[in-house]
>>> print(open('start-v1.tsv').read())   # TSV, C-alpha atoms
chain	number	residue	atom	x	y	z
A	1	MET	CA	-4.54	4.10	7.33
A	2	ALA	CA	-4.94	6.73	4.68
A	3	ALA	CA	-8.20	8.58	5.18
A	4	LEU	CA	-9.68	12.03	5.33
A	5	LEU	CA	-9.30	14.32	8.31
A	6	LEU	CA	-12.77	14.28	9.82
A	7	SER	CA	-12.48	17.61	11.57
A	8	SER	CA	-11.34	19.45	8.43
A	9	HIS	CA	-14.09	17.82	6.40
A	10	LEU	CA	-16.73	18.89	8.88
A	11	ALA	CA	-15.53	22.45	8.58
A	12	ALA	CA	-15.48	22.18	4.81
A	13	ALA	CA	-18.97	20.70	4.73
A	14	SER	CA	-20.43	23.64	6.55
A	15	SER	CA	-19.07	26.09	3.98
A	16	SER	CA	-18.90	23.99	0.79
A	17	SER	CA	-20.17	25.26	-2.54
A	18	THR	CA	-20.99	23.43	-5.75
A	19	THR	CA	-18.37	23.72	-7.41
A	20	SER	CA	-5.70	17.23	-37.97
A	21	PRO	CA	-9.03	15.53	-38.23
A	22	SER	CA	-8.28	13.49	-41.34
A	23	ALA	CA	-5.31	11.91	-39.59
A	24	ARG	CA	-7.35	10.63	-36.68
A	25	PRO	CA	-8.86	7.15	-36.49
A	26	ALA	CA	-12.62	7.20	-36.87
A	27	PRO	CA	-13.94	7.87	-33.36
A	28	ARG	CA	-16.32	5.53	-31.63
A	29	PHE	CA	-18.24	7.84	-29.32
A	30	VAL	CA	-19.56	6.93	-25.93
A	31	SER	CA	-23.17	8.07	-25.75
A	32	PHE	CA	-23.83	10.73	-23.14
A	33	ARG	CA	-27.08	12.33	-22.10
A	34	ALA	CA	-26.31	15.68	-20.56
A	35	ALA	CA	-29.74	16.00	-19.00
A	36	ALA	CA	-29.24	12.79	-17.06
A	37	ALA	CA	-26.01	14.10	-15.60
A	38	HIS	CA	-27.92	16.26	-13.16
A	39	LYS	CA	-30.99	14.12	-12.58
A	40	GLY	CA	-29.82	10.55	-12.39
A	41	ALA	CA	-26.11	10.46	-11.76
A	42	ARG	CA	-25.91	11.44	-8.13
A	43	ARG	CA	-27.08	8.10	-6.83
A	44	GLY	CA	-25.79	6.14	-9.77
A	45	GLY	CA	-28.36	6.83	-12.46
A	46	PRO	CA	-26.91	5.52	-15.74
A	47	LEU	CA	-25.39	7.88	-18.29
A	48	LEU	CA	-24.42	5.08	-20.65
A	49	ALA	CA	-25.99	1.85	-21.74
A	50	SER	CA	-25.21	-0.50	-18.88
A	51	SER	CA	-25.34	-3.90	-20.57
A	52	VAL	CA	-21.80	-5.22	-20.32
A	53	GLU	CA	-20.57	-8.21	-22.26
A	54	PRO	CA	-17.11	-9.68	-21.73
A	55	PRO	CA	-14.56	-7.52	-23.58
A	56	PRO	CA	-12.53	-9.05	-26.38
A	57	SER	CA	-9.32	-10.79	-25.44
A	58	ALA	CA	-6.30	-8.58	-24.94
A	59	SER	CA	-4.46	-10.23	-27.85
A	60	ALA	CA	-7.39	-9.70	-30.23
A	61	ALA	CA	-7.71	-6.07	-29.22
A	62	ALA	CA	-3.97	-5.46	-29.46
A	63	ALA	CA	-3.98	-6.76	-33.03
A	64	ALA	CA	-6.44	-3.99	-33.91
A	65	GLN	CA	-4.35	-1.27	-32.21
A	66	PRO	CA	-1.58	-0.05	-34.53
A	67	PHE	CA	-0.18	2.33	-31.89
A	68	ARG	CA	1.27	-0.63	-29.99
A	69	SER	CA	3.86	-1.09	-32.71
A	70	LEU	CA	4.98	2.54	-32.49
A	71	ALA	CA	7.86	3.93	-30.48
A	72	PRO	CA	6.97	5.90	-27.33
A	73	SER	CA	8.07	9.08	-29.13
A	74	GLU	CA	5.28	8.47	-31.66
A	75	THR	CA	2.60	7.60	-29.07
A	76	THR	CA	0.78	10.59	-27.63
A	77	VAL	CA	-0.84	10.15	-24.22
A	78	LEU	CA	-3.59	12.34	-22.78
A	79	VAL	CA	-3.51	12.76	-18.99
A	80	THR	CA	-6.34	14.28	-16.94
A	81	GLY	CA	-5.80	15.06	-13.29
A	82	ALA	CA	-2.29	16.03	-14.38
A	83	THR	CA	-1.72	18.42	-11.48
A	84	GLY	CA	-2.98	16.00	-8.84
A	85	TYR	CA	-0.84	14.04	-6.41
A	86	ILE	CA	-0.33	11.00	-8.67
A	87	GLY	CA	-1.06	12.74	-11.99
A	88	ARG	CA	2.07	14.91	-11.79
A	89	PHE	CA	4.24	11.83	-11.39
A	90	VAL	CA	2.45	10.04	-14.23
A	91	VAL	CA	3.16	12.97	-16.56
A	92	ARG	CA	6.83	12.96	-15.56
A	93	GLU	CA	7.16	9.20	-16.03
A	94	LEU	CA	5.53	9.28	-19.47
A	95	LEU	CA	7.81	12.14	-20.52
A	96	ARG	CA	10.83	10.25	-19.17
A	97	ARG	CA	9.88	7.31	-21.41
A	98	GLY	CA	9.68	9.61	-24.42
A	99	HIS	CA	5.92	9.95	-24.86
A	100	PRO	CA	4.47	13.24	-26.10
A	101	VAL	CA	1.99	14.16	-23.35
A	102	VAL	CA	-1.11	16.34	-23.47
A	103	ALA	CA	-1.79	17.28	-19.85
A	104	VAL	CA	-5.19	18.66	-18.86
A	105	ALA	CA	-4.97	20.93	-15.85
A	106	ARG	CA	-6.87	23.47	-13.83
A	107	SER	CA	-5.69	27.06	-14.20
A	108	ARG	CA	-4.88	26.99	-10.50
A	109	SER	CA	-3.52	23.83	-8.89
A	110	GLY	CA	-1.67	22.59	-5.88
A	111	LEU	CA	-2.73	22.79	-2.26
A	112	ARG	CA	-5.61	25.28	-2.05
A	113	GLY	CA	-4.90	26.43	-5.61
A	114	ARG	CA	-1.66	28.17	-4.76
A	115	ASN	CA	-0.02	27.53	-8.17
A	116	GLY	CA	-1.06	29.71	-11.12
A	117	PRO	CA	-0.94	28.88	-14.85
A	118	ASP	CA	2.74	29.75	-15.28
A	119	GLU	CA	3.75	27.49	-12.41
A	120	VAL	CA	1.60	24.67	-13.78
A	121	VAL	CA	3.15	24.91	-17.25
A	122	ALA	CA	6.66	24.97	-15.77
A	123	ASP	CA	5.93	22.03	-13.47
A	124	LEU	CA	4.61	19.83	-16.29
A	125	ALA	CA	7.07	20.90	-19.01
A	126	PRO	CA	7.65	19.80	-21.69
A	127	ALA	CA	4.12	18.38	-21.79
A	128	ARG	CA	1.51	20.34	-23.76
A	129	VAL	CA	-0.66	21.80	-21.03
A	130	VAL	CA	-4.34	22.38	-21.81
A	131	PHE	CA	-6.32	24.35	-19.25
A	132	SER	CA	-9.87	23.08	-19.19
A	133	ASP	CA	-12.80	22.11	-17.00
A	134	VAL	CA	-13.15	18.33	-16.91
A	135	THR	CA	-16.61	18.65	-15.39
A	136	ASP	CA	-17.86	20.34	-18.60
A	137	ALA	CA	-17.94	17.75	-21.39
A	138	ASP	CA	-18.38	20.25	-24.22
A	139	ALA	CA	-15.65	22.58	-22.96
A	140	LEU	CA	-13.19	19.71	-22.54
A	141	ARG	CA	-13.83	18.40	-26.04
A	142	ALA	CA	-13.48	21.89	-27.52
A	143	ASP	CA	-10.28	22.67	-25.61
A	144	LEU	CA	-8.68	19.40	-26.72
A	145	SER	CA	-9.93	19.45	-30.31
A	146	SER	CA	-6.66	20.77	-31.76
A	147	HIS	CA	-4.41	18.39	-29.82
A	148	GLY	CA	-5.09	15.07	-31.59
A	149	PRO	CA	-4.53	12.45	-32.52
A	150	ILE	CA	-4.31	10.79	-29.10
A	151	HIS	CA	-3.25	7.16	-28.90
A	152	ALA	CA	-3.90	6.45	-25.21
A	153	ALA	CA	-5.33	8.25	-22.20
A	154	VAL	CA	-4.64	8.11	-18.48
A	155	CYS	CA	-7.27	9.43	-16.06
A	156	CYS	CA	-5.96	10.36	-12.61
A	157	LEU	CA	-9.02	12.32	-11.53
A	158	ALA	CA	-10.39	11.94	-8.01
A	159	SER	CA	-12.84	13.96	-5.96
A	160	ARG	CA	-11.05	16.13	-3.44
A	161	GLY	CA	-12.92	15.01	-0.36
A	162	GLY	CA	-15.32	12.22	-1.23
A	163	GLY	CA	-18.49	14.24	-0.65
A	164	VAL	CA	-21.67	12.83	-2.15
A	165	GLN	CA	-22.20	15.35	-4.95
A	166	ASP	CA	-18.48	15.77	-5.64
A	167	SER	CA	-17.94	12.03	-5.97
A	168	TRP	CA	-20.45	11.73	-8.81
A	169	ARG	CA	-19.31	15.00	-10.38
A	170	VAL	CA	-15.64	13.98	-10.54
A	171	ASP	CA	-15.18	10.24	-9.96
A	172	TYR	CA	-17.92	9.43	-12.44
A	173	ARG	CA	-18.96	12.28	-14.74
A	174	ALA	CA	-15.61	14.08	-15.18
A	175	THR	CA	-13.93	10.72	-15.69
A	176	LEU	CA	-16.57	9.87	-18.28
A	177	HIS	CA	-15.87	13.20	-20.00
A	178	THR	CA	-12.20	12.20	-20.20
A	179	LEU	CA	-13.16	8.97	-21.93
A	180	GLN	CA	-15.42	10.77	-24.38
A	181	ALA	CA	-12.80	13.39	-25.25
A	182	ALA	CA	-10.04	10.80	-25.60
A	183	ARG	CA	-12.15	8.60	-27.86
A	184	SER	CA	-13.10	11.57	-30.04
A	185	LEU	CA	-9.37	12.10	-30.63
A	186	GLY	CA	-8.76	8.46	-31.51
A	187	ALA	CA	-7.55	6.99	-28.19
A	188	ALA	CA	-7.46	3.19	-28.37
A	189	HIS	CA	-6.41	2.49	-24.78
A	190	PHE	CA	-7.60	4.02	-21.50
A	191	VAL	CA	-5.85	3.69	-18.16
A	192	LEU	CA	-8.02	4.47	-15.13
A	193	LEU	CA	-6.53	5.23	-11.74
A	194	SER	CA	-9.13	3.73	-9.41
A	195	ALA	CA	-8.67	2.42	-5.85
A	196	VAL	CA	-8.48	-1.01	-4.24
A	197	CYS	CA	-11.19	-0.06	-1.75
A	198	VAL	CA	-13.90	-0.12	-4.43
A	199	GLN	CA	-14.02	-3.91	-4.05
A	200	LYS	CA	-16.06	-3.31	-0.87
A	201	PRO	CA	-18.20	-0.32	-1.85
A	202	LEU	CA	-19.78	1.29	1.20
A	203	LEU	CA	-19.01	4.91	0.28
A	204	GLU	CA	-20.33	7.21	-2.41
A	205	PHE	CA	-17.01	7.80	-4.16
A	206	GLN	CA	-16.48	4.04	-4.36
A	207	ARG	CA	-19.87	3.56	-6.03
A	208	ALA	CA	-19.09	6.36	-8.48
A	209	LYS	CA	-15.74	4.83	-9.40
A	210	LEU	CA	-17.27	1.39	-9.81
A	211	LYS	CA	-19.96	2.73	-12.09
A	212	PHE	CA	-17.37	4.23	-14.38
A	213	GLU	CA	-15.37	0.99	-14.33
A	214	ASP	CA	-18.51	-0.72	-15.65
A	215	GLU	CA	-18.87	1.91	-18.39
A	216	LEU	CA	-15.26	1.39	-19.40
A	217	ALA	CA	-15.74	-2.35	-19.73
A	218	ALA	CA	-18.91	-1.73	-21.74
A	219	GLU	CA	-17.03	0.50	-24.17
A	220	ALA	CA	-14.42	-2.23	-24.73
A	221	SER	CA	-17.23	-4.71	-25.36
A	222	ARG	CA	-18.76	-2.43	-28.00
A	223	ASP	CA	-15.47	-1.76	-29.82
A	224	PRO	CA	-12.94	-4.60	-30.18
A	225	SER	CA	-10.19	-2.12	-31.11
A	226	PHE	CA	-10.49	-0.39	-27.71
A	227	THR	CA	-8.87	-1.65	-24.50
A	228	TYR	CA	-8.52	-0.46	-20.94
A	229	SER	CA	-6.50	-1.02	-17.76
A	230	ILE	CA	-8.09	-0.34	-14.37
A	231	VAL	CA	-5.35	0.28	-11.80
A	232	ARG	CA	-6.44	-0.14	-8.18
A	233	PRO	CA	-3.60	0.93	-5.86
A	234	THR	CA	-3.55	0.35	-2.13
A	235	ALA	CA	-2.39	3.19	0.15
A	236	PHE	CA	-0.10	6.05	-0.90
A	237	PHE	CA	2.98	6.95	1.16
A	238	LYS	CA	1.77	10.53	1.58
A	239	SER	CA	-1.41	9.51	3.35
A	240	LEU	CA	0.58	7.53	5.92
A	241	GLY	CA	2.99	10.36	6.72
A	242	GLY	CA	0.68	12.68	8.62
A	243	GLN	CA	2.07	11.79	12.05
A	244	VAL	CA	5.80	11.84	11.29
A	245	GLU	CA	6.31	15.45	12.38
A	246	THR	CA	4.18	15.15	15.53
A	247	VAL	CA	5.95	11.97	16.65
A	248	LYS	CA	9.30	13.55	15.82
A	249	ASN	CA	8.30	16.42	18.12
A	250	GLY	CA	7.68	14.02	21.00
A	251	GLN	CA	3.95	13.35	20.66
A	252	PRO	CA	2.46	9.84	20.77
A	253	TYR	CA	1.36	7.95	17.68
A	254	VAL	CA	-2.44	7.82	17.43
A	255	MET	CA	-4.27	4.76	16.13
A	256	PHE	CA	-7.70	3.18	16.29
A	257	GLY	CA	-8.34	0.17	18.48
A	258	ASP	CA	-5.26	-1.98	19.01
A	259	GLY	CA	-3.68	-0.75	15.77
A	260	LYS	CA	-4.36	-4.06	14.07
A	261	LEU	CA	-7.82	-3.39	12.63
A	262	CYS	CA	-6.45	-2.91	9.12
A	263	ALA	CA	-3.31	-3.19	7.01
A	264	CYS	CA	-1.98	-2.01	3.69
A	265	LYS	CA	0.91	-2.42	1.24
A	266	PRO	CA	1.67	1.25	0.49
A	267	ILE	CA	3.15	2.22	-2.86
A	268	SER	CA	5.20	5.30	-3.71
A	269	GLU	CA	4.02	7.83	-6.26
A	270	GLU	CA	7.02	7.08	-8.52
A	271	ASP	CA	6.42	3.32	-8.48
A	272	LEU	CA	2.70	3.75	-9.11
A	273	ALA	CA	3.37	6.15	-11.98
A	274	ALA	CA	5.75	3.60	-13.52
A	275	PHE	CA	3.12	0.86	-13.23
A	276	ILE	CA	0.52	3.09	-14.86
A	277	ALA	CA	2.94	3.92	-17.70
A	278	ASP	CA	3.58	0.19	-18.18
A	279	CYS	CA	-0.12	-0.22	-18.98
A	280	ILE	CA	0.20	1.78	-22.21
A	281	PHE	CA	2.06	-0.94	-24.11
A	282	ASP	CA	1.77	-4.08	-21.96
A	283	ASP	CA	-0.79	-6.41	-23.58
A	284	ASP	CA	-0.96	-8.46	-20.37
A	285	LYS	CA	-2.46	-5.44	-18.60
A	286	SER	CA	-5.21	-4.87	-21.18
A	287	ASN	CA	-8.88	-5.31	-20.30
A	288	LYS	CA	-7.99	-6.14	-16.71
A	289	ILE	CA	-8.52	-4.85	-13.19
A	290	LEU	CA	-5.07	-4.50	-11.68
A	291	PRO	CA	-4.77	-4.20	-7.89
A	292	ILE	CA	-1.28	-3.07	-6.97
A	293	GLY	CA	0.73	-2.39	-3.82
A	294	GLY	CA	4.30	-1.61	-2.97
A	295	PRO	CA	7.09	-4.03	-2.03
A	296	GLY	CA	7.18	-6.01	1.19
A	297	LYS	CA	4.53	-7.35	3.51
A	298	ALA	CA	1.37	-5.57	4.53
A	299	LEU	CA	1.74	-3.23	7.52
A	300	THR	CA	-0.80	-2.45	10.24
A	301	PRO	CA	-0.96	1.03	11.82
A	302	LEU	CA	0.73	-0.48	14.89
A	303	GLU	CA	3.64	-1.70	12.76
A	304	GLN	CA	3.85	1.66	10.99
A	305	GLY	CA	4.07	3.42	14.36
A	306	GLU	CA	6.68	0.99	15.67
A	307	MET	CA	8.73	1.57	12.52
A	308	LEU	CA	8.56	5.32	12.99
A	309	PHE	CA	9.69	5.17	16.64
A	310	ARG	CA	12.54	2.82	15.71
A	311	LEU	CA	13.77	5.21	13.02
A	312	LEU	CA	13.65	8.06	15.55
A	313	GLY	CA	15.44	5.98	18.16
A	314	ARG	CA	12.64	6.37	20.70
A	315	GLU	CA	10.50	4.13	22.85
A	316	PRO	CA	7.06	3.61	21.30
A	317	LYS	CA	4.28	5.72	22.79
A	318	PHE	CA	0.74	5.18	21.48
A	319	ILE	CA	-2.72	6.61	21.98
A	320	LYS	CA	-5.39	4.04	21.19
A	321	VAL	CA	-8.71	5.57	20.13
A	322	PRO	CA	-11.80	3.33	20.45
A	323	ILE	CA	-13.38	2.86	17.04
A	324	GLN	CA	-16.79	3.17	18.71
A	325	ILE	CA	-16.19	6.92	19.01
A	326	MET	CA	-16.44	7.17	15.23
A	327	ASP	CA	-19.57	5.01	15.20
A	328	ALA	CA	-21.28	7.38	17.61
A	329	ALA	CA	-20.26	10.42	15.57
A	330	ILE	CA	-21.54	8.84	12.35
A	331	TRP	CA	-24.88	8.00	14.00
A	332	VAL	CA	-25.32	11.63	15.04
A	333	LEU	CA	-24.26	13.00	11.65
A	334	ASP	CA	-26.58	10.62	9.79
A	335	ALA	CA	-29.48	11.72	11.95
A	336	LEU	CA	-28.68	15.39	11.37
A	337	ALA	CA	-28.36	14.85	7.62
A	338	LYS	CA	-31.93	13.55	7.47
A	339	VAL	CA	-33.16	16.81	8.93
A	340	PHE	CA	-30.58	19.18	7.45
A	341	PRO	CA	-29.61	18.13	3.89
A	342	GLY	CA	-26.57	20.39	4.07
A	343	MET	CA	-25.06	17.93	6.56
A	344	GLU	CA	-25.04	15.14	3.99
A	345	ASP	CA	-21.34	15.49	3.23
A	346	ALA	CA	-20.40	15.70	6.90
A	347	ALA	CA	-22.10	12.34	7.43
A	348	GLU	CA	-20.28	10.91	4.42
A	349	PHE	CA	-16.92	12.18	5.67
A	350	GLY	CA	-17.54	10.41	8.95
A	351	LYS	CA	-18.18	7.16	7.10
A	352	ILE	CA	-15.00	7.65	5.08
A	353	GLY	CA	-12.96	8.06	8.24
A	354	ARG	CA	-14.56	4.97	9.75
A	355	TYR	CA	-13.94	2.93	6.62
A	356	TYR	CA	-10.24	3.71	6.41
A	357	ALA	CA	-9.78	3.19	10.14
A	358	SER	CA	-11.08	-0.36	9.97
A	359	GLU	CA	-10.83	-1.75	6.42
A	360	SER	CA	-7.57	-3.05	4.99
A	361	MET	CA	-6.30	-1.72	1.68
A	362	LEU	CA	-5.59	-5.19	0.36
A	363	VAL	CA	-7.24	-7.57	-2.11
A	364	LEU	CA	-10.31	-9.36	-0.79
A	365	ASP	CA	-10.05	-13.12	-1.09
A	366	PRO	CA	-13.32	-14.12	-2.84
A	367	ASP	CA	-13.29	-17.53	-1.18
A	368	THR	CA	-12.84	-16.39	2.40
A	369	GLY	CA	-14.12	-12.81	2.27
A	370	GLU	CA	-10.95	-11.78	4.13
A	371	TYR	CA	-8.28	-9.32	3.07
A	372	SER	CA	-5.19	-11.07	1.76
A	373	ASP	CA	-1.61	-9.83	1.87
A	374	GLU	CA	-0.53	-12.72	-0.37
A	375	MET	CA	-3.14	-11.95	-3.06
A	376	THR	CA	-2.19	-8.26	-3.23
A	377	PRO	CA	0.48	-7.85	-5.95
A	378	SER	CA	3.64	-5.91	-5.18
A	379	TYR	CA	5.48	-3.58	-7.53
A	380	GLY	CA	8.48	-1.28	-7.37
A	381	SER	CA	11.31	-0.84	-4.93
A	382	ASP	CA	10.43	2.16	-2.76
A	383	THR	CA	9.53	1.25	0.83
A	384	LEU	CA	7.55	3.04	3.52
A	385	GLU	CA	10.61	2.93	5.75
A	386	GLN	CA	12.60	4.87	3.15
A	387	PHE	CA	9.76	7.38	2.91
A	388	PHE	CA	9.66	7.85	6.69
A	389	GLU	CA	13.43	8.35	6.76
A	390	ARG	CA	13.18	11.05	4.09
A	391	VAL	CA	10.32	12.83	5.84
A	392	ILE	CA	12.20	12.75	9.15
A	393	ARG	CA	15.14	14.46	7.40
A	394	GLU	CA	13.32	16.80	5.03
A	395	GLY	CA	9.74	17.15	6.23
A	396	MET	CA	6.64	16.80	4.04
A	397	ALA	CA	7.58	19.52	1.54
A	398	GLY	CA	5.87	18.66	-1.74
A	399	GLN	CA	3.80	16.00	0.07
A	400	GLU	CA	1.40	18.29	1.90
A	401	LEU	CA	-1.60	16.37	3.07
A	402	GLY	CA	-4.33	18.94	2.69
A	403	GLU	CA	-7.52	17.06	3.56
A	404	GLN	CA	-6.06	13.58	3.17
A	405	THR	CA	-5.03	12.25	6.55
A	406	ILE	CA	-6.50	10.85	9.73
A	407	PHE	CA	-4.71	12.68	12.50
>>> encode(input="start-v1.tsv", output="structure tokens")
Amino acid sequence: MAALLLSSHLAAASSSSTTSPSARPAPRFVSFRAAAAHKGARRGGPLLASSVEPPPSASAAAAAQPFRSLAPSETTVLVTGATGYIGRFVVRELLRRGHPVVAVARSRSGLRGRNGPDEVVADLAPARVVFSDVTDADALRADLSSHGPIHAAVCCLASRGGGVQDSWRVDYRATLHTLQAARSLGAAHFVLLSAVCVQKPLLEFQRAKLKFEDELAAEASRDPSFTYSIVRPTAFFKSLGGQVETVKNGQPYVMFGDGKLCACKPISEEDLAAFIADCIFDDDKSNKILPIGGPGKALTPLEQGEMLFRLLGREPKFIKVPIQIMDAAIWVLDALAKVFPGMEDAAEFGKIGRYYASESMLVLDPDTGEYSDEMTPSYGSDTLEQFFERVIREGMAGQELGEQTIF
């Protein structure tokens, strides 16, 4: 399953550093206490009022949203995380549909920041690219102030590694800053790229994402003219492709346990971007949590490996790693983190690896407490088999994994 490379995270942990107005609808601001951002947010301290009432019905909210009657060419969409793995495809899909797009980007993007401003502007053209720091609420608002009005916003932000501090800095606070900036420019709908794994929150980034989901629902409850869509995808193709080259070169496929501990319905970046773009105008997707996977049945790591060997025309050859090895490593890292606070992220990375090695990226059946293939919606037409075939032919160019793989 898609997860983070434990060895690379451990290395990273040892060296990590903190890293026209009259035309706009009257903004309804989300309250934000900057002082609390540093004191209370790390472990989930509230930045917004947390009392959440049921949001208004989608039909009632849509009636108060004039932008829904406009053509895409008249509906401007703000995208943060625009240079990220999914964000780039979201920008392209929105542009393809005719939306004017304001894309917030870092001045350096791509794997290890290898792309400079000129490359970013060219990659996202013809979107209006705004270079800003999403972790600085005031700077983001100032940098976007001349780019309104905004009708809808899509947030594709995600912490790079899932470290404790970084999760709250990005998955919660920077995402909150996106909401604040979008609302100040008149945005009436907000699409959040979340993750299906937040339904069983054992990790810090999951708790941070869930907290913002609650804030988003609270904002819709306060303002009946505001709606949201929370998109919770399963696994991405990219995060399942890390072993294609090694298996192609004759190495065995590595998996935990018997390869049946977990399963997922992976979705391609293009299909996910199309689903996210659908949320802009689709009333049926308003004020809802939307788990989404790709087409076909759920696949275990064993089935993914068997598929890969079949495509290569080779006999399957597996290495089965006992999951208990990860349990032992996590126990050691947790103990070290209690003595050496700088090891906190290393311990968290171990837990992330363990989670993705054993938990399915499928919808949890509330009645049985089990993951359900049938309850996980499918969307799109791209299949993992097609992705594997392409990677076998062309390699992972443009799909570099960085820190996001198991093996």
>>> atom_distance(input="start-v1.tsv", atom1="CA of Cys156 in chain A", atom2="CA of Ser229 in chain A")
12.5 Å
>>> closest_residue(input="start-v1.tsv", among="A:Leu95, A:Ile86, A:Val154, A:Leu362", to="Leu272 in chain A", atoms="all atoms listed in the file")
A:Ile86
>>> residues_near_point(input="start-v1.tsv", point="(-13.9, 12.3, -13.2)", cutoff="8 Å", atoms="all atoms listed in the file", output="list of chain:residue names")
A:Val134, A:Thr135, A:Cys155, A:Leu157, A:Ala158, A:Ser159, A:Trp168, A:Arg169, A:Val170, A:Asp171, A:Tyr172, A:Arg173, A:Ala174, A:Thr175, A:Leu176, A:His177, A:Thr178
>>> closest_residue(input="start-v1.tsv", among="A:Met361, A:Ala139, A:Val339, A:Ala263", to="Arg232 in chain A", atoms="only C-alpha atoms")
A:Met361
>>> atom_distance(input="start-v1.tsv", atom1="CA of Lys209 in chain A", atom2="CA of Ser194 in chain A")
6.7 Å
>>> residues_around(input="start-v1.tsv", residues="Val101 in chain A", least_positions_apart="5", cutoff="6 Å", atoms="all atoms listed in the file", output="list in words")
Thr76, Val77, Leu78 and Ala127 of chain A
>>> write_last_selection(input="start-v1.tsv", atoms="C-alpha atoms", output="PDB file, in the coordinates of the input")
ATOM      1  CA  THR A  76       0.780  10.590 -27.630  1.00  0.00           C
ATOM      2  CA  VAL A  77      -0.840  10.150 -24.220  1.00  0.00           C
ATOM      3  CA  LEU A  78      -3.590  12.340 -22.780  1.00  0.00           C
ATOM      4  CA  ALA A 127       4.120  18.380 -21.790  1.00  0.00           C
TER       5      ALA A 127
END
>>> residues_around(input="start-v1.tsv", residues="Gln324 in chain A", least_positions_apart="5", cutoff="12 Å", atoms="all atoms listed in the file", output="list in words")
Phe256, Gly257, Ala329, Ile330, Trp331, Arg354, Ala357 and Ser358 of chain A
>>> build_atoms(input="start-v1.tsv", residues="range 199-214 of chain A", atoms="N, CA and C atoms", output="short mmCIF file (atom, residue, chain, number, x, y, z; two decimals), keeping the file's coordinate frame")
data_model
loop_
_atom_site.label_atom_id
_atom_site.label_comp_id
_atom_site.auth_asym_id
_atom_site.auth_seq_id
_atom_site.Cartn_x
_atom_site.Cartn_y
_atom_site.Cartn_z
N GLN A 199 -13.56 -2.52 -4.09
CA GLN A 199 -14.02 -3.91 -4.05
C GLN A 199 -15.02 -4.15 -2.92
N LYS A 200 -15.07 -3.24 -1.95
CA LYS A 200 -16.06 -3.31 -0.87
C LYS A 200 -16.74 -1.95 -0.79
N PRO A 201 -17.68 -1.68 -1.69
CA PRO A 201 -18.20 -0.32 -1.85
C PRO A 201 -19.27 0.06 -0.82
N LEU A 202 -18.87 0.80 0.19
CA LEU A 202 -19.78 1.29 1.20
C LEU A 202 -19.90 2.81 1.16
N LEU A 203 -19.10 3.45 0.32
CA LEU A 203 -19.01 4.91 0.28
C LEU A 203 -19.41 5.41 -1.10
N GLU A 204 -19.82 6.67 -1.15
CA GLU A 204 -20.33 7.21 -2.41
C GLU A 204 -19.27 7.29 -3.48
N PHE A 205 -18.05 7.70 -3.13
CA PHE A 205 -17.01 7.80 -4.16
C PHE A 205 -16.65 6.43 -4.71
N GLN A 206 -16.75 5.39 -3.88
CA GLN A 206 -16.48 4.04 -4.36
C GLN A 206 -17.54 3.60 -5.38
N ARG A 207 -18.78 3.92 -5.09
CA ARG A 207 -19.87 3.56 -6.03
C ARG A 207 -19.71 4.31 -7.35
N ALA A 208 -19.29 5.58 -7.26
CA ALA A 208 -19.09 6.36 -8.48
C ALA A 208 -17.95 5.79 -9.32
N LYS A 209 -16.86 5.42 -8.67
CA LYS A 209 -15.74 4.83 -9.40
C LYS A 209 -16.13 3.49 -10.03
N LEU A 210 -16.86 2.69 -9.28
CA LEU A 210 -17.27 1.39 -9.81
C LEU A 210 -18.19 1.55 -11.01
N LYS A 211 -19.06 2.53 -10.97
CA LYS A 211 -19.96 2.73 -12.09
C LYS A 211 -19.18 3.08 -13.34
N PHE A 212 -18.15 3.93 -13.20
CA PHE A 212 -17.37 4.23 -14.38
C PHE A 212 -16.57 3.00 -14.84
N GLU A 213 -16.06 2.22 -13.91
CA GLU A 213 -15.37 0.99 -14.33
C GLU A 213 -16.28 0.13 -15.20
N ASP A 214 -17.56 0.04 -14.84
CA ASP A 214 -18.51 -0.72 -15.65
C ASP A 214 -18.68 -0.09 -17.04
#
